[in-house]
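Student: So that you have it, the file is start.tsv, and it contains TSV, N, CA and C atoms and all ligand atoms:
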chain	number	residue	atom	x	y	z
A	1	MET	N	-17.53	5.65	18.60
A	1	MET	CA	-17.48	4.70	17.50
A	1	MET	C	-16.66	3.48	17.93
A	2	LYS	N	-17.10	2.31	17.45
A	2	LYS	CA	-16.37	1.07	17.71
A	2	LYS	C	-16.21	0.30	16.40
A	3	VAL	N	-15.19	-0.54	16.35
A	3	VAL	CA	-14.97	-1.40	15.19
A	3	VAL	C	-14.87	-2.85	15.66
A	4	SER	N	-15.29	-3.73	14.77
A	4	SER	CA	-15.24	-5.16	15.07
A	4	SER	C	-14.77	-5.92	13.85
A	5	VAL	N	-14.25	-7.12	14.10
A	5	VAL	CA	-13.86	-7.99	13.00
A	5	VAL	C	-14.69	-9.27	13.05
A	6	ASP	N	-15.05	-9.75	11.87
A	6	ASP	CA	-15.66	-11.07	11.74
A	6	ASP	C	-14.50	-12.04	11.43
A	7	ASN	N	-14.08	-12.77	12.43
A	7	ASN	CA	-12.92	-13.64	12.27
A	7	ASN	C	-13.14	-14.74	11.23
A	8	SER	N	-14.38	-15.06	10.94
A	8	SER	CA	-14.64	-16.08	9.93
A	8	SER	C	-14.37	-15.55	8.52
A	9	ARG	N	-14.29	-14.21	8.38
A	9	ARG	CA	-14.03	-13.61	7.07
A	9	ARG	C	-12.60	-13.13	6.91
A	10	CYS	N	-11.97	-12.74	7.99
A	10	CYS	CA	-10.60	-12.21	7.90
A	10	CYS	C	-9.67	-13.28	7.35
A	11	SER	N	-8.93	-12.90	6.29
A	11	SER	CA	-8.01	-13.84	5.64
A	11	SER	C	-6.56	-13.43	5.80
A	12	GLY	N	-6.31	-12.45	6.65
A	12	GLY	CA	-4.94	-12.07	6.95
A	12	GLY	C	-4.29	-11.17	5.93
A	13	HIS	N	-5.07	-10.42	5.20
A	13	HIS	CA	-4.49	-9.48	4.24
A	13	HIS	C	-3.69	-8.37	4.93
A	14	ALA	N	-4.13	-8.00	6.12
A	14	ALA	CA	-3.45	-6.97	6.94
A	14	ALA	C	-3.39	-5.60	6.29
A	15	ARG	N	-4.25	-5.37	5.33
A	15	ARG	CA	-4.31	-4.01	4.75
A	15	ARG	C	-4.78	-3.01	5.80
A	16	CYS	N	-5.71	-3.44	6.63
A	16	CYS	CA	-6.22	-2.56	7.69
A	16	CYS	C	-5.07	-2.09	8.57
A	17	ASN	N	-4.21	-3.00	8.93
A	17	ASN	CA	-3.07	-2.69	9.80
A	17	ASN	C	-2.04	-1.83	9.08
A	18	ALA	N	-1.82	-2.09	7.81
A	18	ALA	CA	-0.84	-1.31	7.06
A	18	ALA	C	-1.27	0.15	6.95
A	19	LEU	N	-2.57	0.37	6.84
A	19	LEU	CA	-3.08	1.73	6.63
A	19	LEU	C	-3.33	2.46	7.94
A	20	VAL	N	-3.87	1.77	8.93
A	20	VAL	CA	-4.25	2.43	10.19
A	20	VAL	C	-3.85	1.54	11.37
A	21	PRO	N	-2.56	1.41	11.61
A	21	PRO	CA	-2.10	0.48	12.64
A	21	PRO	C	-2.53	0.85	14.06
A	22	VAL	N	-2.80	2.12	14.29
A	22	VAL	CA	-3.18	2.53	15.64
A	22	VAL	C	-4.54	1.94	16.04
A	23	ILE	N	-5.36	1.61	15.07
A	23	ILE	CA	-6.68	1.02	15.36
A	23	ILE	C	-6.68	-0.48	15.05
A	24	PHE	N	-6.19	-0.82	13.85
A	24	PHE	CA	-6.36	-2.19	13.36
A	24	PHE	C	-5.11	-3.03	13.61
A	25	THR	N	-5.02	-3.55	14.79
A	25	THR	CA	-3.91	-4.41	15.15
A	25	THR	C	-4.13	-5.81	14.57
A	26	VAL	N	-3.02	-6.53	14.39
A	26	VAL	CA	-3.08	-7.91	13.88
A	26	VAL	C	-2.19	-8.81	14.75
A	27	ASP	N	-2.45	-10.10	14.63
A	27	ASP	CA	-1.66	-11.05	15.41
A	27	ASP	C	-0.34	-11.37	14.68
A	28	ASP	N	0.40	-12.32	15.18
A	28	ASP	CA	1.74	-12.62	14.66
A	28	ASP	C	1.74	-13.09	13.21
A	29	VAL	N	0.62	-13.62	12.73
A	29	VAL	CA	0.57	-14.09	11.36
A	29	VAL	C	-0.29	-13.21	10.47
A	30	GLY	N	-0.65	-12.04	10.98
A	30	GLY	CA	-1.29	-11.04	10.14
A	30	GLY	C	-2.81	-11.02	10.12
A	31	PHE	N	-3.42	-11.75	11.04
A	31	PHE	CA	-4.89	-11.73	11.11
A	31	PHE	C	-5.33	-10.69	12.14
A	32	SER	N	-6.43	-10.06	11.83
A	32	SER	CA	-6.94	-9.03	12.74
A	32	SER	C	-7.22	-9.61	14.12
A	33	ASP	N	-6.82	-8.86	15.14
A	33	ASP	CA	-7.10	-9.30	16.51
A	33	ASP	C	-7.89	-8.25	17.30
A	34	ILE	N	-8.63	-7.41	16.57
A	34	ILE	CA	-9.36	-6.33	17.27
A	34	ILE	C	-10.58	-6.84	18.02
A	35	GLY	N	-11.07	-8.02	17.66
A	35	GLY	CA	-12.19	-8.58	18.39
A	35	GLY	C	-13.50	-7.84	18.12
A	36	GLU	N	-14.36	-7.81	19.14
A	36	GLU	CA	-15.68	-7.20	19.03
A	36	GLU	C	-15.71	-5.88	19.78
A	37	GLY	N	-16.14	-4.83	19.10
A	37	GLY	CA	-16.39	-3.58	19.77
A	37	GLY	C	-15.18	-2.86	20.30
A	38	LYS	N	-14.12	-2.81	19.49
A	38	LYS	CA	-12.93	-2.06	19.90
A	38	LYS	C	-13.20	-0.56	19.76
A	39	GLU	N	-12.94	0.15	20.82
A	39	GLU	CA	-13.21	1.59	20.83
A	39	GLU	C	-12.22	2.33	19.92
A	40	VAL	N	-12.76	3.21	19.05
A	40	VAL	CA	-11.92	4.05	18.20
A	40	VAL	C	-11.59	5.33	18.97
A	41	PRO	N	-10.30	5.66	19.08
A	41	PRO	CA	-9.95	6.89	19.80
A	41	PRO	C	-10.61	8.11	19.18
A	42	ALA	N	-10.98	9.06	20.01
A	42	ALA	CA	-11.61	10.29	19.53
A	42	ALA	C	-10.74	10.95	18.48
A	43	GLY	N	-11.36	11.38	17.41
A	43	GLY	CA	-10.63	12.06	16.34
A	43	GLY	C	-10.13	11.15	15.25
A	44	LEU	N	-10.27	9.85	15.43
A	44	LEU	CA	-9.78	8.90	14.42
A	44	LEU	C	-10.92	8.19	13.68
A	45	GLU	N	-12.10	8.81	13.69
A	45	GLU	CA	-13.26	8.17	13.06
A	45	GLU	C	-13.05	8.00	11.55
A	46	ASP	N	-12.49	9.01	10.90
A	46	ASP	CA	-12.28	8.91	9.44
A	46	ASP	C	-11.27	7.80	9.13
A	47	GLU	N	-10.23	7.70	9.95
A	47	GLU	CA	-9.24	6.65	9.75
A	47	GLU	C	-9.88	5.27	9.94
A	48	ALA	N	-10.77	5.16	10.89
A	48	ALA	CA	-11.47	3.89	11.11
A	48	ALA	C	-12.29	3.50	9.88
A	49	ARG	N	-13.00	4.47	9.33
A	49	ARG	CA	-13.79	4.19	8.11
A	49	ARG	C	-12.88	3.78	6.95
A	50	PHE	N	-11.76	4.44	6.85
A	50	PHE	CA	-10.78	4.15	5.79
A	50	PHE	C	-10.28	2.72	5.92
A	51	GLY	N	-9.93	2.32	7.12
A	51	GLY	CA	-9.43	0.97	7.33
A	51	GLY	C	-10.49	-0.09	7.07
A	52	VAL	N	-11.70	0.18	7.50
A	52	VAL	CA	-12.80	-0.77	7.27
A	52	VAL	C	-13.03	-0.95	5.77
A	53	ALA	N	-13.01	0.16	5.03
A	53	ALA	CA	-13.25	0.10	3.59
A	53	ALA	C	-12.13	-0.61	2.84
A	54	ALA	N	-10.94	-0.66	3.43
A	54	ALA	CA	-9.78	-1.24	2.75
A	54	ALA	C	-9.74	-2.75	2.80
A	55	CYS	N	-10.55	-3.37	3.64
A	55	CYS	CA	-10.51	-4.82	3.76
A	55	CYS	C	-11.19	-5.48	2.56
A	56	PRO	N	-10.45	-6.28	1.80
A	56	PRO	CA	-11.04	-6.90	0.61
A	56	PRO	C	-12.03	-8.02	0.93
A	57	GLU	N	-12.06	-8.46	2.17
A	57	GLU	CA	-12.98	-9.53	2.57
A	57	GLU	C	-14.24	-8.99	3.26
A	58	GLN	N	-14.32	-7.69	3.38
A	58	GLN	CA	-15.42	-7.08	4.15
A	58	GLN	C	-15.56	-7.71	5.53
A	59	ALA	N	-14.41	-7.92	6.14
A	59	ALA	CA	-14.39	-8.56	7.46
A	59	ALA	C	-14.57	-7.57	8.61
A	60	LEU	N	-14.42	-6.29	8.30
A	60	LEU	CA	-14.49	-5.27	9.36
A	60	LEU	C	-15.79	-4.50	9.28
A	61	ARG	N	-16.24	-4.05	10.43
A	61	ARG	CA	-17.46	-3.23	10.44
A	61	ARG	C	-17.36	-2.19	11.54
A	62	ILE	N	-18.14	-1.15	11.33
A	62	ILE	CA	-18.23	-0.06	12.28
A	62	ILE	C	-19.51	-0.20	13.08
A	63	GLU	N	-19.41	0.07	14.37
A	63	GLU	CA	-20.59	0.14	15.23
A	63	GLU	C	-20.58	1.50	15.87
A	64	GLN	N	-21.66	2.20	15.75
A	64	GLN	CA	-21.71	3.57	16.30
A	64	GLN	C	-21.82	3.54	17.80
A	101	LIG	FE1	-8.21	-9.27	7.93
A	101	LIG	FE2	-9.21	-7.59	6.22
A	101	LIG	FE3	-7.50	-6.72	7.94
A	101	LIG	S1	-8.65	-9.70	5.79
A	101	LIG	S2	-6.21	-8.47	8.47
A	101	LIG	S3	-9.51	-7.54	8.42
A	101	LIG	S4	-7.58	-6.16	5.78
Have the structure of the file written as structure tokens, please.

Tutor:
Amino acid sequence: MKVSVDNSRCSGHARCNALVPVIFTVDDVGFSDIGEGKEVPAGLEDEARFGVAACPEQALRIEQ
């Protein structure tokens, strides 16, 4: 599983990072910096889905 951010949608809420920091890293001002196709560590698929669902801007997506 991989996750990606649409930087044109991310508004720096950082909810993804607050909930699942091991996957959803952010830059110094709180915007997602995961880029395209960040690999989700094995066993953290549910956490990845949780973080994606928590973004109020729908800026995150999962790629299988
Ligand atoms: Fe951005 Fe959404 Fe996370 S707005 S910082 S991707 S919660």

Student: Quick one: residues within 7 Å of Pro41 in chain A, only N, CA and C atoms counted, chain neighbours fewer than 3 positions away excluded, as a PyMOL selection string?

Tutor: chain A and resi 1+23+38+44-45

Student: When the cut-off is 8 Å and you count all atoms listed in the file, which residues lie near ligand LIG 101 (chain A), shown as a VMD selection string?

Tutor: chain A and resid 4 to 7 9 to 18 24 to 27 29 to 33 51 to 61

Student: Please identify the alpha helix (DSSP H) residues within chain A (assignment by DSSP from backbone atoms) and present them as a short mmCIF file (atom, residue, chain, number, x, y, z; two decimals) with N, CA and C atoms, keeping the file's coordinate frame.

Tutor:
data_model
loop_
_atom_site.label_atom_id
_atom_site.label_comp_id
_atom_site.auth_asym_id
_atom_site.auth_seq_id
_atom_site.Cartn_x
_atom_site.Cartn_y
_atom_site.Cartn_z
N ARG A 15 -4.25 -5.37 5.33
CA ARG A 15 -4.31 -4.01 4.75
C ARG A 15 -4.78 -3.01 5.80
N CYS A 16 -5.71 -3.44 6.63
CA CYS A 16 -6.22 -2.56 7.69
C CYS A 16 -5.07 -2.09 8.57
N ASN A 17 -4.21 -3.00 8.93
CA ASN A 17 -3.07 -2.69 9.80
C ASN A 17 -2.04 -1.83 9.08
N ALA A 18 -1.82 -2.09 7.81
CA ALA A 18 -0.84 -1.31 7.06
C ALA A 18 -1.27 0.15 6.95
N LEU A 19 -2.57 0.37 6.84
CA LEU A 19 -3.08 1.73 6.63
C LEU A 19 -3.33 2.46 7.94
N GLU A 45 -12.10 8.81 13.69
CA GLU A 45 -13.26 8.17 13.06
C GLU A 45 -13.05 8.00 11.55
N ASP A 46 -12.49 9.01 10.90
CA ASP A 46 -12.28 8.91 9.44
C ASP A 46 -11.27 7.80 9.13
N GLU A 47 -10.23 7.70 9.95
CA GLU A 47 -9.24 6.65 9.75
C GLU A 47 -9.88 5.27 9.94
N ALA A 48 -10.77 5.16 10.89
CA ALA A 48 -11.47 3.89 11.11
C ALA A 48 -12.29 3.50 9.88
N ARG A 49 -13.00 4.47 9.33
CA ARG A 49 -13.79 4.19 8.11
C ARG A 49 -12.88 3.78 6.95
N PHE A 50 -11.76 4.44 6.85
CA PHE A 50 -10.78 4.15 5.79
C PHE A 50 -10.28 2.72 5.92
N GLY A 51 -9.93 2.32 7.12
CA GLY A 51 -9.43 0.97 7.33
C GLY A 51 -10.49 -0.09 7.07
N VAL A 52 -11.70 0.18 7.50
CA VAL A 52 -12.80 -0.77 7.27
C VAL A 52 -13.03 -0.95 5.77
N ALA A 53 -13.01 0.16 5.03
CA ALA A 53 -13.25 0.10 3.59
C ALA A 53 -12.13 -0.61 2.84
N ALA A 54 -10.94 -0.66 3.43
CA ALA A 54 -9.78 -1.24 2.75
C ALA A 54 -9.74 -2.75 2.80
#

Student: If you run DSSP on the backbone, which residues of range 8-64 of chain A are strand (DSSP E or B), as a PyMOL selection string?

Tutor: chain A and resi 26+32+38-39+60-63

Student: Neighbouring residues of Lys2 in chain A were defined as those with any atom within 6.5 Å, considering all atoms listed in the file; residues of the same chain fewer than 5 positions away were excluded. Please report them as an mmCIF file with N, CA and C atoms, keeping the file's coordinate frame.

Tutor:
data_model
loop_
_atom_site.group_PDB
_atom_site.id
_atom_site.type_symbol
_atom_site.label_atom_id
_atom_site.label_comp_id
_atom_site.auth_asym_id
_atom_site.auth_seq_id
_atom_site.Cartn_x
_atom_site.Cartn_y
_atom_site.Cartn_z
ATOM 1 N N GLY A 37 -16.140 -4.830 19.100
ATOM 2 C CA GLY A 37 -16.390 -3.580 19.770
ATOM 3 C C GLY A 37 -15.180 -2.860 20.300
ATOM 4 N N LYS A 38 -14.120 -2.810 19.490
ATOM 5 C CA LYS A 38 -12.930 -2.060 19.900
ATOM 6 C C LYS A 38 -13.200 -0.560 19.760
ATOM 7 N N GLU A 39 -12.940 0.150 20.820
ATOM 8 C CA GLU A 39 -13.210 1.590 20.830
ATOM 9 C C GLU A 39 -12.220 2.330 19.920
ATOM 10 N N VAL A 40 -12.760 3.210 19.050
ATOM 11 C CA VAL A 40 -11.920 4.050 18.200
ATOM 12 C C VAL A 40 -11.590 5.330 18.970
ATOM 13 N N ARG A 61 -16.240 -4.050 10.430
ATOM 14 C CA ARG A 61 -17.460 -3.230 10.440
ATOM 15 C C ARG A 61 -17.360 -2.190 11.540
ATOM 16 N N ILE A 62 -18.140 -1.150 11.330
ATOM 17 C CA ILE A 62 -18.230 -0.060 12.280
ATOM 18 C C ILE A 62 -19.510 -0.200 13.080
ATOM 19 N N GLU A 63 -19.410 0.070 14.370
ATOM 20 C CA GLU A 63 -20.590 0.140 15.230
ATOM 21 C C GLU A 63 -20.580 1.500 15.870
ATOM 22 N N GLN A 64 -21.660 2.200 15.750
ATOM 23 C CA GLN A 64 -21.710 3.570 16.300
ATOM 24 C C GLN A 64 -21.820 3.540 17.800
#

Student: Between atom N of Val3 in chain A and atom C of Ile34 in chain A, measure the distance and give it in Å to one decimal.

Tutor: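 For atom N of Val3 in chain A relative to atom C of Ile34 in chain A, the distance reads 8.0 Å.
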